[in-house]
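Notes follow once the structure below has been shown.
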Amino acid sequence: MPGIMGAPLWHEMAEAAGLTNPDGSIGETIYGQMTKFAAEVGAVNLGQGAPGTEPPDELIAATYEAMRAGFNQYAPGQGYPQLLEAVAAQRGRDFGQHVDPDEVLYTAGATEGLTAAILALLPRGGSLVAFEPFYDSYPAAIAAAGGTLHTVPILPDGHGDFAPDWEAFDRVIAEVDPAIILVNTPHNPTGFIFSAADLARIGRAAEEVDAWVLSDEVYEQLVLTDLGHVPPAVAIEDSARVVTVSSAGKSWNTTGWKIGWVIASPEVRQAIQTVKQFLSFTAGGPMQIGMADMLVGDSQFVAENRASLRARAEVLVPACRSVPGAEVSTPRAGYFTVVDFSALTDRDAFELNELLAREFSLVGIPVPALCRPGSPAYEAYRSSIRYSFCKSVADVAKGAQLFNALGGHLREHPDALHRSN
């Protein structure tokens, strides 16, 4: 007897999205798995990218006032006008992107926005090209749409930074004729920031094959260097083919509130909204109002949060570099540093992450979990683990202490991480 959605159909979708366990059962995302694992073994959880610090009191107060004012029932399907207007104003103020409020759609976080956009714009049997590693909701949404994922690797450059393989990009675009090119900038997990020239190149490729450009910009406010975030909708000449997705969760430490948005031409926004209404319908009414107040106000929280993240990165990253032989990335943006242990071990990242958790109380996210098995990116990151410095000051300090201890141990026992030991 079929289950919800029909068990065979759901299992086929989950398998295509990489969400099945080795025994064939439906699996949990890698982020949830590692959070549970850290709790089970009593390790410091530097895995899931959930802030360890709280949103500002002024945001809590504004949301409380919205609750008291009666914004507690269903919000309009597109979102409260106050939020739509605030997002439009914020994009213009921060990034020079001209946005009309009618182009903005509230979504229950960026994940819903990306999923609704893919379901609305990717034809069944169509191809989507994304850069790899990728956020694990992408293949799930593509599978649900009945499409096919093709990837272009973002690879380590050997100097603590990363770069897309542009030759592979040109080849993949020519071979698969995609309906959507998905760009995540700043990129998770590498922190790579696509330049205006990079984005213009993507835009030209999209125009040649008449593809949409779907932009995931959730780390837009968390650039940790002098480089600025450039939205694809600003850099790409034919901006009408760009669909922008972002959220307040990362910038305002409100990942649990699920306040996200999609920006697209009114006709495309309406198509995405038609799908979105059958996902969450609407949510977060008072949070929409509270966030709108912050986006149009004079709060300094985002800048302060960015400075705090930079300070925490400056604690964790040098400690990671105390591990002899490890290649540690320099975070350009976002929450993460990537540590490549391949010079120290023949273990893959999954096995190594378990060893480090049990013996050194450190849990991260194996980067191959964010790649397609057997792909060039999967092989390049075979022994790489992503660690989050967005955690609390205490957790980051504890993580740094543990990395320093690991480094000291490996200086005395250089082969300690090798499988034969």
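Residues are referred to by chain and number: the chain letter is A, B, ... according to the order shown in the structure tokens, the number counts from 1 in that chain, and ligands are numbered separately from 1 in the order shown.
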
Considering only C-alpha atoms, tabulate each residue of range 351-416 of chain A that lies at most 12 Å from range 251-268 of chain A along with its nearest interatomic pair and the corresponding distance in Å to one decimal; arrange the rows by chain and ascending residue number and present them as a tab-separated table.
```
residue	atom	partner	partner_atom	distance
A:Cys390	CA	A:Asn253	CA	9.6
A:Lys391	CA	A:Asn253	CA	10.7
A:Ser392	CA	A:Asn253	CA	11.5
```

| task | Write out as a PyMOL selection string each polymer residue whose atoms come within 9 Å of Ala211 in chain A, counting only C-alpha atoms; drop sequence neighbours fewer than 4 positions from it. | result | chain A and resi 177-181+203+205-207+241

| query | Which neighbours of range 379-384 of chain A fall inside 12 Å, counting only C-alpha atoms, when residues of the same chain fewer than 5 positions from it are skipped, and could you give them as a ChimeraX atom specification? | reply | /A:132-133,153-158,162,189-190,326-329,337-353,364-374,417-418

| query | Restricting the calculation to only C-alpha atoms, which member of A:Val363, A:Asn404, A:Asp395, A:Val223 is positioned closest to Pro318 in chain A? | reply |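 Among the listed residues, the smallest separation from Pro318 in chain A belongs to A:Asn404.
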
| Residues within 10 Å of Leu224 in chain A, only C-alpha atoms, excluding chain neighbours under 4 positions, as a list in words |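 Final neighbour list, sorted by chain and number: Gly191, Gly228, Arg306, Ala307, Leu309, Arg310, Ala311, Ala313, Thr330, Pro331, Arg332, Ala333, Gly334 and Tyr335 of chain A.
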
| query | Among range 54-131 of chain A, which residues carry a DSSP assignment of strand (DSSP E), reported as an NGL selection string? | reply | :A and (104-108 or 127-131)

| said: I need the residue nearest Leu59 in chain A from this list: A:Ala145, A:Ala39, A:Ala248, A:Ala110. Use only C-alpha atoms for the distance. | reply: A:Ala248

Can you tell me, as a PDB file with N, CA, C and O atoms, in the first residue's frame, what residues are no more than 12 Å from Glu65 in chain A when counting only C-alpha atoms, ignoring any on the same chain fewer than 2 positions away?
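Just written: out-v1.pdb:
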```pdb
ATOM      1  N   GLU A  58      16.653  45.026  19.788  1.00  0.00           N
ATOM      2  CA  GLU A  58      15.728  45.923  19.083  1.00  0.00           C
ATOM      3  C   GLU A  58      14.841  45.147  18.115  1.00  0.00           C
ATOM      4  O   GLU A  58      13.674  45.498  17.900  1.00  0.00           O
ATOM      5  N   LEU A  59      15.353  44.081  17.533  1.00  0.00           N
ATOM      6  CA  LEU A  59      14.546  43.257  16.639  1.00  0.00           C
ATOM      7  C   LEU A  59      13.512  42.460  17.431  1.00  0.00           C
ATOM      8  O   LEU A  59      12.346  42.358  17.021  1.00  0.00           O
ATOM      9  N   ILE A  60      13.926  41.924  18.554  1.00  0.00           N
ATOM     10  CA  ILE A  60      12.989  41.207  19.420  1.00  0.00           C
ATOM     11  C   ILE A  60      11.866  42.147  19.852  1.00  0.00           C
ATOM     12  O   ILE A  60      10.677  41.789  19.819  1.00  0.00           O
ATOM     13  N   ALA A  61      12.232  43.361  20.232  1.00  0.00           N
ATOM     14  CA  ALA A  61      11.230  44.334  20.688  1.00  0.00           C
ATOM     15  C   ALA A  61      10.275  44.710  19.563  1.00  0.00           C
ATOM     16  O   ALA A  61       9.049  44.803  19.762  1.00  0.00           O
ATOM     17  N   ALA A  62      10.799  44.936  18.359  1.00  0.00           N
ATOM     18  CA  ALA A  62       9.941  45.307  17.230  1.00  0.00           C
ATOM     19  C   ALA A  62       8.978  44.183  16.885  1.00  0.00           C
ATOM     20  O   ALA A  62       7.812  44.428  16.546  1.00  0.00           O
ATOM     21  N   THR A  63       9.444  42.944  16.998  1.00  0.00           N
ATOM     22  CA  THR A  63       8.581  41.792  16.703  1.00  0.00           C
ATOM     23  C   THR A  63       7.521  41.627  17.779  1.00  0.00           C
ATOM     24  O   THR A  63       6.355  41.314  17.481  1.00  0.00           O
ATOM     25  N   MET A  67       3.441  41.629  17.380  1.00  0.00           N
ATOM     26  CA  MET A  67       2.515  40.650  17.959  1.00  0.00           C
ATOM     27  C   MET A  67       1.411  41.356  18.732  1.00  0.00           C
ATOM     28  O   MET A  67       0.225  41.019  18.603  1.00  0.00           O
ATOM     29  N   ARG A  68       1.793  42.345  19.535  1.00  0.00           N
ATOM     30  CA  ARG A  68       0.807  43.086  20.323  1.00  0.00           C
ATOM     31  C   ARG A  68      -0.133  43.883  19.413  1.00  0.00           C
ATOM     32  O   ARG A  68      -1.291  44.111  19.761  1.00  0.00           O
ATOM     33  N   ALA A  69       0.362  44.259  18.235  1.00  0.00           N
ATOM     34  CA  ALA A  69      -0.453  45.053  17.313  1.00  0.00           C
ATOM     35  C   ALA A  69      -1.393  44.195  16.467  1.00  0.00           C
ATOM     36  O   ALA A  69      -2.193  44.734  15.704  1.00  0.00           O
ATOM     37  N   GLY A  70      -1.284  42.865  16.574  1.00  0.00           N
ATOM     38  CA  GLY A  70      -2.257  42.005  15.925  1.00  0.00           C
ATOM     39  C   GLY A  70      -1.818  41.327  14.649  1.00  0.00           C
ATOM     40  O   GLY A  70      -2.650  40.760  13.938  1.00  0.00           O
ATOM     41  N   PHE A  71      -0.520  41.312  14.360  1.00  0.00           N
ATOM     42  CA  PHE A  71      -0.038  40.658  13.131  1.00  0.00           C
ATOM     43  C   PHE A  71       0.188  39.154  13.380  1.00  0.00           C
ATOM     44  O   PHE A  71       1.287  38.639  13.158  1.00  0.00           O
ATOM     45  N   ASN A  72      -0.850  38.470  13.847  1.00  0.00           N
ATOM     46  CA  ASN A  72      -0.684  37.097  14.309  1.00  0.00           C
ATOM     47  C   ASN A  72      -1.444  36.065  13.483  1.00  0.00           C
ATOM     48  O   ASN A  72      -1.338  34.866  13.762  1.00  0.00           O
ATOM     49  N   GLY A 285       4.202  36.089  10.393  1.00  0.00           N
ATOM     50  CA  GLY A 285       3.632  37.431  10.257  1.00  0.00           C
ATOM     51  C   GLY A 285       4.306  38.505  11.095  1.00  0.00           C
ATOM     52  O   GLY A 285       4.818  39.496  10.559  1.00  0.00           O
ATOM     53  N   PRO A 286       4.338  38.346  12.419  1.00  0.00           N
ATOM     54  CA  PRO A 286       4.963  39.391  13.230  1.00  0.00           C
ATOM     55  C   PRO A 286       6.467  39.517  12.985  1.00  0.00           C
ATOM     56  O   PRO A 286       7.020  40.616  13.080  1.00  0.00           O
ATOM     57  N   MET A 287       7.125  38.413  12.642  1.00  0.00           N
ATOM     58  CA  MET A 287       8.551  38.482  12.329  1.00  0.00           C
ATOM     59  C   MET A 287       8.795  39.261  11.040  1.00  0.00           C
ATOM     60  O   MET A 287       9.794  39.965  10.911  1.00  0.00           O
ATOM     61  N   GLN A 288       7.879  39.144  10.083  1.00  0.00           N
ATOM     62  CA  GLN A 288       7.990  39.951   8.870  1.00  0.00           C
ATOM     63  C   GLN A 288       7.975  41.445   9.208  1.00  0.00           C
ATOM     64  O   GLN A 288       8.787  42.224   8.683  1.00  0.00           O
ATOM     65  N   ILE A 289       7.076  41.827  10.096  1.00  0.00           N
ATOM     66  CA  ILE A 289       6.958  43.248  10.467  1.00  0.00           C
ATOM     67  C   ILE A 289       8.185  43.699  11.248  1.00  0.00           C
ATOM     68  O   ILE A 289       8.748  44.779  11.001  1.00  0.00           O
ATOM     69  N   GLY A 290       8.616  42.897  12.210  1.00  0.00           N
ATOM     70  CA  GLY A 290       9.797  43.262  12.980  1.00  0.00           C
ATOM     71  C   GLY A 290      11.022  43.405  12.101  1.00  0.00           C
ATOM     72  O   GLY A 290      11.811  44.344  12.249  1.00  0.00           O
ATOM     73  N   MET A 291      11.194  42.470  11.149  1.00  0.00           N
ATOM     74  CA  MET A 291      12.355  42.538  10.264  1.00  0.00           C
ATOM     75  C   MET A 291      12.256  43.747   9.339  1.00  0.00           C
ATOM     76  O   MET A 291      13.282  44.385   9.036  1.00  0.00           O
ATOM     77  N   ASP A 293      11.054  46.605  10.050  1.00  0.00           N
ATOM     78  CA  ASP A 293      11.515  47.755  10.830  1.00  0.00           C
ATOM     79  C   ASP A 293      13.032  47.834  10.865  1.00  0.00           C
ATOM     80  O   ASP A 293      13.622  48.925  10.783  1.00  0.00           O
TER      81      ASP A 293
END
```

| query | How many Å lie between CA of Glu103 in chain A and CA of Ser247 in chain A, rounded to one decimal? | reply | 15.1 Å

| Could you work out how far CA of Ile236 in chain A lies from CA of Ala196 in chain A, giving the answer in Å with one decimal? |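 According to the coordinates, CA of Ala196 in chain A and CA of Ile236 in chain A are separated by 8.1 Å.
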
| Rounded to one decimal in Å, what is the spacing between CA of Ala38 in chain A and CA of Glu304 in chain A? |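 Between CA of Ala38 in chain A and CA of Glu304 in chain A the gap is 28.9 Å.
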
| said: Taking 4 positions as the minimum chain separation for residues in the same chain, which residues sit within 7 Å of Ala75 in chain A when counting only C-alpha atoms? Answer as number ranges by chain. | reply: A: 79-80, 282-283, 285

Once you have the residues from the selection above, write them out as a tab-separated table (two decimals), in the first residue's frame, restricted to all heavy atoms.
```tsv
chain	number	residue	atom	x	y	z
A	79	GLY	N	3.34	38.40	1.13
A	79	GLY	CA	4.06	38.95	2.27
A	79	GLY	C	3.50	40.31	2.63
A	79	GLY	O	2.83	40.96	1.81
A	80	TYR	N	3.74	40.76	3.85
A	80	TYR	CA	3.26	42.07	4.26
A	80	TYR	C	3.94	43.16	3.42
A	80	TYR	O	5.15	43.11	3.18
A	80	TYR	CB	3.52	42.32	5.74
A	80	TYR	CG	2.48	41.70	6.64
A	80	TYR	CD1	2.81	40.65	7.49
A	80	TYR	CD2	1.17	42.17	6.63
A	80	TYR	CE1	1.85	40.07	8.31
A	80	TYR	CE2	0.20	41.60	7.45
A	80	TYR	CZ	0.54	40.56	8.29
A	80	TYR	OH	-0.42	39.98	9.10
A	282	THR	N	1.89	30.78	3.96
A	282	THR	CA	2.56	31.96	4.48
A	282	THR	C	2.97	31.68	5.91
A	282	THR	O	2.53	30.68	6.50
A	282	THR	CB	1.66	33.21	4.38
A	282	THR	OG1	2.43	34.38	4.68
A	282	THR	CG2	0.49	33.12	5.35
A	283	ALA	N	3.82	32.51	6.47
A	283	ALA	CA	4.32	32.25	7.82
A	283	ALA	C	4.95	33.51	8.38
A	283	ALA	O	5.17	34.49	7.66
A	283	ALA	CB	5.36	31.12	7.80
A	285	GLY	N	4.20	36.09	10.39
A	285	GLY	CA	3.63	37.43	10.26
A	285	GLY	C	4.31	38.51	11.10
A	285	GLY	O	4.82	39.50	10.56
```

| task | Could you give me, as a PyMOL selection string, the residues within 10 Å of Thr148 in chain A, counting only C-alpha atoms and dropping anything in the same chain fewer than 5 positions from it? | result | chain A and resi 16-17+122+124-129+139+142-143+176+178

| Of the candidates A:His187, A:Arg269, A:Arg204, A:Lys250, which one gets nearest to Pro101 in chain A if we count only C-alpha atoms? |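 The shortest atom-to-atom distance to Pro101 in chain A comes from A:Arg269.
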
| message | Measuring between only C-alpha atoms, which one of A:Glu167, A:Glu28, A:Asp94, A:Asp57 shows the shortest distance to Val296 in chain A? | response | A:Asp94

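Distance annotation: of A:Asn184, A:Gln277, A:Thr244, A:Ser322, the residue with the minimal separation from Arg91 in chain A is A:Thr244; atom set is only C-alpha atoms.
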